[in-house]
Every structure is written in C-alpha cells, then in structure tokens.
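Shown next: query39.pdb, containing PDB, C-alpha atoms and all ligand atoms.
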ATOM      1  CA  MET A  78     -24.031  20.316   7.430
ATOM      2  CA  ILE A  79     -20.884  22.438   7.576
ATOM      3  CA  PHE A  80     -18.092  20.568   9.365
ATOM      4  CA  THR A  81     -14.368  21.004   8.789
ATOM      5  CA  VAL A  82     -11.552  18.706   9.822
ATOM      6  CA  ALA A  83      -8.204  20.546   9.609
ATOM      7  CA  ILE A  84      -5.160  18.274   9.486
ATOM      8  CA  ASP A  85      -1.779  19.982   9.601
ATOM      9  CA  GLY A  86       1.755  18.823  10.213
ATOM     10  CA  PRO A  87       5.243  18.431   8.743
ATOM     11  CA  ALA A  88       6.150  16.435   5.629
ATOM     12  CA  ALA A  89       5.380  12.693   5.582
ATOM     13  CA  ALA A  90       3.814  12.622   9.055
ATOM     14  CA  GLY A  91       0.835  10.620   7.807
ATOM     15  CA  LYS A  92      -1.580  13.487   7.096
ATOM     16  CA  GLY A  93      -2.601  12.112   3.708
ATOM     17  CA  THR A  94      -3.427   8.621   4.941
ATOM     18  CA  ILE A  95      -5.360   9.955   7.930
ATOM     19  CA  SER A  96      -7.219  12.547   5.865
ATOM     20  CA  ARG A  97      -8.331  10.080   3.208
ATOM     21  CA  ALA A  98      -9.494   7.597   5.859
ATOM     22  CA  VAL A  99     -11.418  10.227   7.846
ATOM     23  CA  ALA A 100     -13.056  11.540   4.669
ATOM     24  CA  ALA A 101     -14.093   8.015   3.633
ATOM     25  CA  GLU A 102     -15.379   7.146   7.114
ATOM     26  CA  PHE A 103     -17.660  10.181   7.396
ATOM     27  CA  GLY A 104     -18.412  10.798   3.712
ATOM     28  CA  PHE A 105     -16.627  14.158   3.729
ATOM     29  CA  ALA A 106     -14.863  15.708   0.728
ATOM     30  CA  HIS A 107     -11.052  15.748   0.924
ATOM     31  CA  LEU A 108      -8.586  18.361  -0.304
ATOM     32  CA  ASP A 109      -4.842  17.696  -0.275
ATOM     33  CA  THR A 110      -3.714  21.328  -0.204
ATOM     34  CA  GLY A 111      -0.052  20.352  -0.658
ATOM     35  CA  ALA A 112      -0.977  19.291  -4.192
ATOM     36  CA  LEU A 113      -1.922  22.913  -4.979
ATOM     37  CA  TYR A 114       1.550  24.153  -4.004
ATOM     38  CA  ARG A 115       3.224  21.198  -5.741
ATOM     39  CA  ALA A 116       1.300  21.985  -8.937
ATOM     40  CA  VAL A 117       2.383  25.627  -8.785
ATOM     41  CA  GLY A 118       5.975  24.566  -8.091
ATOM     42  CA  VAL A 119       6.263  22.216 -11.052
ATOM     43  CA  LYS A 120       4.369  24.413 -13.506
ATOM     44  CA  GLY A 121       7.360  26.691 -14.017
ATOM     45  CA  GLY A 122       7.308  30.328 -15.070
ATOM     46  CA  ASP A 123       6.139  32.988 -12.647
ATOM     47  CA  PRO A 124       4.703  31.212  -9.565
ATOM     48  CA  VAL A 125       2.163  33.951  -8.831
ATOM     49  CA  THR A 126       0.775  33.712 -12.374
ATOM     50  CA  ALA A 127       0.779  29.905 -12.064
ATOM     51  CA  ALA A 128      -1.142  30.053  -8.770
ATOM     52  CA  ARG A 129      -3.714  32.493 -10.168
ATOM     53  CA  GLY A 130      -4.262  30.328 -13.248
ATOM     54  CA  LEU A 131      -4.169  26.867 -11.651
ATOM     55  CA  GLU A 132      -6.376  24.378 -13.517
ATOM     56  CA  PRO A 133      -7.626  20.846 -12.759
ATOM     57  CA  THR A 134      -5.161  19.394 -15.313
ATOM     58  CA  ASP A 135      -2.272  20.893 -13.292
ATOM     59  CA  LEU A 136      -3.433  18.853 -10.306
ATOM     60  CA  ALA A 137      -3.678  15.646 -12.358
ATOM     61  CA  ARG A 138       0.053  15.563 -13.273
ATOM     62  CA  ASP A 139       1.800  12.376 -12.271
ATOM     63  CA  ASP A 140       5.024  14.076 -11.142
ATOM     64  CA  LEU A 141       3.547  15.943  -8.165
ATOM     65  CA  ARG A 142       4.759  13.461  -5.527
ATOM     66  CA  THR A 143       8.485  13.611  -6.379
ATOM     67  CA  LEU A 144      11.089  15.054  -3.981
ATOM     68  CA  GLU A 145      11.775  17.821  -6.513
ATOM     69  CA  ALA A 146       8.099  18.784  -6.598
ATOM     70  CA  GLY A 147       8.092  18.888  -2.787
ATOM     71  CA  GLN A 148      11.058  21.243  -2.743
ATOM     72  CA  ALA A 149       9.586  23.415  -5.495
ATOM     73  CA  ALA A 150       6.297  23.524  -3.579
ATOM     74  CA  SER A 151       7.941  24.651  -0.385
ATOM     75  CA  ARG A 152       9.813  27.434  -2.189
ATOM     76  CA  VAL A 153       6.730  28.863  -3.923
ATOM     77  CA  ALA A 154       4.695  28.379  -0.713
ATOM     78  CA  ALA A 155       6.839  31.033   0.987
ATOM     79  CA  ILE A 156       5.608  33.691  -1.496
ATOM     80  CA  PRO A 157       2.665  35.591   0.080
ATOM     81  CA  GLU A 158       1.035  36.328  -3.324
ATOM     82  CA  VAL A 159       1.012  32.613  -4.142
ATOM     83  CA  ARG A 160      -0.674  31.822  -0.825
ATOM     84  CA  ALA A 161      -3.165  34.653  -1.347
ATOM     85  CA  ALA A 162      -4.084  33.319  -4.798
ATOM     86  CA  LEU A 163      -4.932  29.882  -3.336
ATOM     87  CA  LEU A 164      -6.737  31.154  -0.217
ATOM     88  CA  GLU A 165     -10.330  31.625  -1.381
ATOM     89  CA  PHE A 166     -10.582  28.230  -3.070
ATOM     90  CA  GLN A 167      -9.400  26.485   0.098
ATOM     91  CA  LYS A 168     -11.673  28.545   2.385
ATOM     92  CA  ARG A 169     -14.707  27.748   0.237
ATOM     93  CA  PHE A 170     -13.778  24.078   0.112
ATOM     94  CA  ALA A 171     -13.487  23.971   3.922
ATOM     95  CA  ARG A 172     -16.986  25.322   4.459
ATOM     96  CA  ARG A 173     -18.712  23.430   1.642
ATOM     97  CA  GLU A 174     -21.939  21.607   2.411
ATOM     98  CA  GLY A 175     -21.524  17.995   3.553
ATOM     99  CA  GLY A 176     -18.261  18.206   5.491
ATOM    100  CA  ALA A 177     -14.640  18.580   4.421
ATOM    101  CA  VAL A 178     -11.208  17.341   5.406
ATOM    102  CA  LEU A 179      -8.252  19.505   4.377
ATOM    103  CA  ASP A 180      -4.645  18.603   5.006
ATOM    104  CA  GLY A 181      -1.706  20.959   4.804
ATOM    105  CA  ARG A 182       0.369  23.297   6.952
ATOM    106  CA  ASP A 183      -1.924  26.230   7.749
ATOM    107  CA  ILE A 184      -5.443  24.815   7.653
ATOM    108  CA  GLY A 185      -6.183  25.211  11.367
ATOM    109  CA  THR A 186      -4.324  28.510  11.689
ATOM    110  CA  VAL A 187      -5.143  30.459   8.495
ATOM    111  CA  ILE A 188      -7.510  28.680   6.094
ATOM    112  CA  CYS A 189     -10.126  27.584   8.604
ATOM    113  CA  PRO A 190      -9.483  28.752  12.186
ATOM    114  CA  GLU A 191     -13.140  27.903  12.894
ATOM    115  CA  ALA A 192     -12.647  24.208  11.980
ATOM    116  CA  GLU A 193     -14.672  21.870  14.203
ATOM    117  CA  VAL A 194     -11.710  19.476  14.544
ATOM    118  CA  LYS A 195      -8.034  20.434  14.347
ATOM    119  CA  LEU A 196      -5.343  17.800  14.297
ATOM    120  CA  PHE A 197      -1.613  18.391  14.178
ATOM    121  CA  VAL A 198      -0.045  15.158  12.966
ATOM    122  CA  THR A 199       3.656  14.793  13.588
ATOM    123  CA  ALA A 200       6.460  12.218  13.984
ATOM    124  CA  SER A 201      10.238  12.298  14.359
ATOM    125  CA  ALA A 202      12.154  13.399  11.243
ATOM    126  CA  ALA A 203      13.823   9.969  11.015
ATOM    127  CA  VAL A 204      10.487   8.127  11.038
ATOM    128  CA  ARG A 205       8.948  10.511   8.522
ATOM    129  CA  ALA A 206      11.936  10.279   6.158
ATOM    130  CA  ARG A 207      11.876   6.491   6.348
ATOM    131  CA  ARG A 208       8.185   6.428   5.428
ATOM    132  CA  ARG A 209       8.738   8.777   2.487
ATOM    133  CA  TRP A 210      11.764   6.739   1.352
ATOM    134  CA  LEU A 211       9.703   3.507   1.434
ATOM    135  CA  GLU A 212       6.921   5.287  -0.460
ATOM    136  CA  LEU A 213       9.487   6.222  -3.126
ATOM    137  CA  GLY A 214      10.539   2.574  -3.479
ATOM    138  CA  GLY A 215      12.912   1.886  -0.551
ATOM    139  CA  GLU A 216      16.081   0.158  -1.750
ATOM    140  CA  ALA A 217      14.794   0.563  -5.309
ATOM    141  CA  ALA A 218      14.280   4.315  -4.859
ATOM    142  CA  ALA A 219      16.328   6.744  -6.928
ATOM    143  CA  GLN A 220      17.445   8.528  -3.738
ATOM    144  CA  PRO A 221      19.197   6.964  -0.727
ATOM    145  CA  TYR A 222      17.515   7.300   2.661
ATOM    146  CA  ALA A 223      19.992  10.003   3.745
ATOM    147  CA  ALA A 224      18.974  12.205   0.810
ATOM    148  CA  VAL A 225      15.296  11.816   1.675
ATOM    149  CA  LEU A 226      16.008  12.712   5.321
ATOM    150  CA  ALA A 227      17.929  15.824   4.246
ATOM    151  CA  GLU A 228      15.073  16.816   1.941
ATOM    152  CA  VAL A 229      12.441  16.374   4.643
ATOM    153  CA  GLU A 230      14.469  18.381   7.180
ATOM    154  CA  GLU A 231      15.214  21.187   4.735
ATOM    155  CA  ARG A 232      11.575  21.462   3.703
ATOM    156  CA  ASP A 233      10.336  21.456   7.313
ATOM    157  CA  ALA A 234      12.815  24.175   8.281
ATOM    158  CA  ARG A 235      11.647  26.341   5.377
ATOM    159  CA  ASP A 236       7.971  25.716   6.173
ATOM    160  CA  ARG A 237       8.452  26.485   9.893
ATOM    161  CA  ASN A 238      10.527  29.621   9.446
ATOM    162  CA  ARG A 239       8.670  31.438   6.681
ATOM    163  CA  ALA A 240       6.951  34.686   7.622
ATOM    164  CA  ASP A 241       3.592  33.980   5.987
ATOM    165  CA  ALA A 242       1.502  31.111   7.442
ATOM    166  CA  PRO A 243       4.395  29.161   9.000
ATOM    167  CA  LEU A 244       3.920  25.535   9.969
ATOM    168  CA  ARG A 245       2.806  25.409  13.615
ATOM    169  CA  PRO A 246      -0.017  23.777  15.551
ATOM    170  CA  ALA A 247      -3.085  25.933  16.152
ATOM    171  CA  GLU A 248      -3.523  26.648  19.871
ATOM    172  CA  ASP A 249      -6.589  24.439  19.991
ATOM    173  CA  ALA A 250      -5.203  21.602  17.850
ATOM    174  CA  VAL A 251      -4.907  18.053  19.162
ATOM    175  CA  VAL A 252      -1.344  16.856  18.565
ATOM    176  CA  LEU A 253      -1.078  13.301  17.268
ATOM    177  CA  ASP A 254       2.475  11.920  17.278
ATOM    178  CA  THR A 255       2.579   8.943  14.916
ATOM    179  CA  SER A 256       6.259   8.019  15.536
ATOM    180  CA  ASP A 257       5.242   4.823  17.339
ATOM    181  CA  LEU A 258       1.857   4.248  15.688
ATOM    182  CA  ASP A 259       1.079   2.241  12.597
ATOM    183  CA  SER A 260      -1.328   3.833  10.149
ATOM    184  CA  ALA A 261      -4.352   1.843  11.397
ATOM    185  CA  ALA A 262      -3.786   3.074  14.967
ATOM    186  CA  ALA A 263      -3.267   6.680  13.825
ATOM    187  CA  VAL A 264      -6.422   6.546  11.707
ATOM    188  CA  ALA A 265      -8.411   5.056  14.605
ATOM    189  CA  GLN A 266      -7.409   7.953  16.890
ATOM    190  CA  ALA A 267      -8.337  10.554  14.303
ATOM    191  CA  VAL A 268     -11.677   8.880  13.535
ATOM    192  CA  ALA A 269     -12.498   8.718  17.274
ATOM    193  CA  LEU A 270     -11.774  12.421  17.641
ATOM    194  CA  VAL A 271     -14.009  13.370  14.722
ATOM    195  CA  ALA A 272     -16.783  11.036  15.916
ATOM    196  CA  ALA A 273     -16.667  12.650  19.363
ATOM    197  CA  ALA A 274     -16.848  16.161  17.884
ATOM    198  CA  LEU A 275     -19.787  15.188  15.679
ATOM    199  CA  ALA A 276     -21.597  13.596  18.647
ATOM    200  CA  ALA A 277     -20.977  16.683  20.804
ATOM    201  CA  ARG A 278     -22.588  18.824  18.124
ATOM    202  CA  GLY A 279     -25.689  16.670  18.245
TER     203      GLY A 279
HETATM  204  O1  LIG A 301       1.939  18.236   2.078
HETATM  205  P1  LIG A 301       2.944  18.285   0.942
HETATM  206  O2  LIG A 301       4.231  17.609   1.282
HETATM  207  O3  LIG A 301       2.369  17.818  -0.356
HETATM  208  O4  LIG A 301       3.257  19.846   0.768
HETATM  209  C1  LIG A 301       4.254  20.312  -0.117
HETATM  210  C2  LIG A 301       4.696  21.703   0.342
HETATM  211  O5  LIG A 301       3.628  22.627   0.106
HETATM  212  C3  LIG A 301       5.022  21.855   1.818
HETATM  213  O6  LIG A 301       6.377  21.526   2.126
HETATM  214  C4  LIG A 301       4.711  23.314   2.094
HETATM  215  O7  LIG A 301       5.789  24.134   1.783
HETATM  216  C5  LIG A 301       3.600  23.630   1.108
HETATM  217  N1  LIG A 301       2.285  23.686   1.731
HETATM  218  C6  LIG A 301       1.935  24.840   2.404
HETATM  219  N2  LIG A 301       0.682  24.964   2.926
HETATM  220  C7  LIG A 301      -0.197  23.974   2.842
HETATM  221  C8  LIG A 301       0.158  22.756   2.185
HETATM  222  C9  LIG A 301       1.426  22.636   1.660
HETATM  223  O8  LIG A 301       2.728  25.752   2.529
HETATM  224  N3  LIG A 301      -1.419  24.144   3.347
END
Would you write the structure of this file as structure tokens?
Amino acid sequence: MIFTVAIDGPAAAGKGTISRAVAAEFGFAHLDTGALYRAVGVKGGDPVTAARGLEPTDLARDDLRTLEAGQAASRVAAIPEVRAALLEFQKRFARREGGAVLDGRDIGTVICPEAEVKLFVTASAAVRARRRWLELGGEAAAQPYAAVLAEVEERDARDRNRADAPLRPAEDAVVLDTSDLDSAAAVAQAVALVAAALAARG
C-alpha cells in the first residue's frame, strides 16, 4: 500500500510528536526531514557538497536538536541546490511501500503534493517557543525563554520568505492549531484524520 501523510508547519508546533504517534499507530515509516537540513547545516564546508554526500552517520549526530543547528538548517535550506540534492530521497521515502509519514515545511506542497493526508500543524509563536524552551531544559536551559522566542521567530520568517519551497499550507491541507491542545489531543485529531482517509480509500 502506498499512503503518504504529509505534516508541515513552523518550528516547534508539535509536528515531530504527531508524526511519530501517527507512524506508530498505523505502522508507517517516519522521516523527520528537518534532520536532513540540520545535518547539512552542522556538517560545515560547502552546504551543497554536504547535501549531496549526506550519510546515515550525519543523521545520527547528537547535536542536531540545538538552536544553532536549527538556525544553520534554516540558512542552508534556503539554497535551491541543497533542496534539490535532498529531493529524490524524500520523494522515494514518501511513496515507499507500507505507508510513510514525513514532517517538514514543504512536504504537502513540493515533496509529495499527491499525499493522501496533508496536515499543517501550527501554534502561536509564544506557545511554540515555550515548548522548545522546556524541551531544552526550561529554567536549566542554556538560553532564556526570550532568546528561544527570538530564534523561533527569526527561523519562521526565513522559512516563510524564502523563494524556493517557502513554508505555507498546501491548498488542500487541514490546519491543526495546537496552541490550546495538549499533545494527546493533537495526536488524537491527527490519528482520526488519517483513519478517516484510510477508511475512505477502502
Ligand atoms: O523541523 P526542524 O525544526 O528540524 O527544521 C529545521 C529547519 O530545516 C527549518 O527551520 C527549515 O528551514 C528547514 N526545513 C526545510 N524543509 C523541510 C524541513 C526543514 O526547509 N522539509
């Protein structure tokens, strides 16, 4: 069975949590496409060369989730040749046998416009920054909340305003605002949507 769930949205909206839960629920493979751009960003050297030569060990680094890696990712993600180098792998992953969930910024618009389910997960910048700050350790985090908020807003602005594959909902995406939802409620809505799409397919 070929079945793609495309989950896009701004930084720290809850895409990762929802994607992992949907993949586990339906036995689909999951690809966190942000990790590809983070790996290119932290690798150093020429980003186009890094993207063309990306290896599994690059994706296993333990520094991919830092704020710096997020910023580096968003800078290299604006380079069309970097995006082009990562395109085929993501397209093939989306249409692999057995079902796939991909989360990112351009899955429903560029990587897999034919996806059976498209979700655009969002939340207010303040809520998203608070979640990322707590994830980084809260009061024990190296960065104060205000720095995390500034980082999230800067990254979103860059992702929304770039020329190539900007962050935006696909026309046929279902928008899920998680500002007032806990993760269990957000996951339940996403799972219900996928279940309905699978049932409609028969
Ligand atoms: O989702 P995550 O925060 O890990 O993404 C890091 C950065 O990678 C984003 O801010 C964005 O610039 C870039 N990205 C992208 N397209 C994707 C996934 C991530 O441009 N499909």
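Considering only C-alpha atoms, the residue among A:Ala83, A:Ala218, A:Ala200, A:Ala240 positioned nearest to A:Asp254 is A:Ala200.
With all atoms listed in the file as the atoms that count, the residue of A:Ser256, A:Thr199, A:Gln266, A:Gln167 with the shortest distance to ligand LIG 301 (chain A) is A:Gln167.
Selection check: the PyMOL selection byres (((chain A and resi 193) around 7) and not hetatm) on the shown file gives Phe80, Thr81, Val82, Glu191, Ala192, Val194 and Lys195 of chain A.
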Near-A:Arg152 list (10 Å; all atoms listed in the file; drop same-chain fewer than 2 positions) as a ChimeraX atom specification: /A:114-115,118,124,146-150,154-156,232,235-236,239
Expansion of the PyMOL selection byres (((chain A and resi 94) around 12) and not hetatm) into residues, as an NGL selection string: :A and (84 or 89-93 or 95-101 or 107 or 109 or 178-180 or 198 or 208 or 255 or 259-265 or 267-268)
Atom pair atom C3 of ligand LIG 301 (chain A) / atom CA of A:Gly181: separation (Å): 7.4 Å
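Candidate residues A:Arg209, A:Arg138, A:Arg172, A:Lys120 were compared for distance to ligand LIG 301 (chain A), and the nearest is A:Arg209, using only C-alpha atoms and all ligand atoms.
Considering the residues A:Gly185, A:Pro133, A:Gly176, A:Gly214 and counting all atoms listed in the file, A:Ala242 has its shortest atom-to-atom contact with A:Gly185.
Among the candidates A:Asp257, A:Asp249, A:Asp233, A:Glu165, the residue lying nearest to ligand LIG 301 (chain A) is A:Asp233 (atoms considered: only C-alpha atoms and all ligand atoms).
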Residues matched by the PyMOL selection byres (((chain A and resi 158) around 10) and not hetatm), written as a PyMOL selection string: chain A and resi 124-126+128-129+153-157+159-164+241
A:Leu226 surroundings by only C-alpha atoms, 8 Å radius, close-in-sequence under 5 positions cut, as JSON, numbers by chain: {"A": [202, 203, 206, 207]}
Nearest candidate to ligand LIG 301 (chain A) (options A:Gln220, A:Thr143, A:Thr134, A:Ser151; using all atoms listed in the file): A:Ser151
Neighbour list for A:Thr186 as a ChimeraX atom specification, cut-off 9 Å, only C-alpha atoms, skip fewer than 5 positions in-chain: /A:191,242,244-248
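Here atom CA of A:Ala227 is placed at a distance of 18.2 Å from atom O8 of ligand LIG 301 (chain A).
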Kindly compute an axis-aligned box around the listed atoms of stretch 274-279 of chain A, allowing 6 Å on each side, and express its centre and edge lengths in Å to one decimal as AutoDock Vina command-line options.
--center_x -21.3 --center_y 16.2 --center_z 18.2 --size_x 20.8 --size_y 17.2 --size_z 17.1
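Picture a line from atom CA of A:Glu132 to atom CA of A:Arg182; it runs 21.6 Å.
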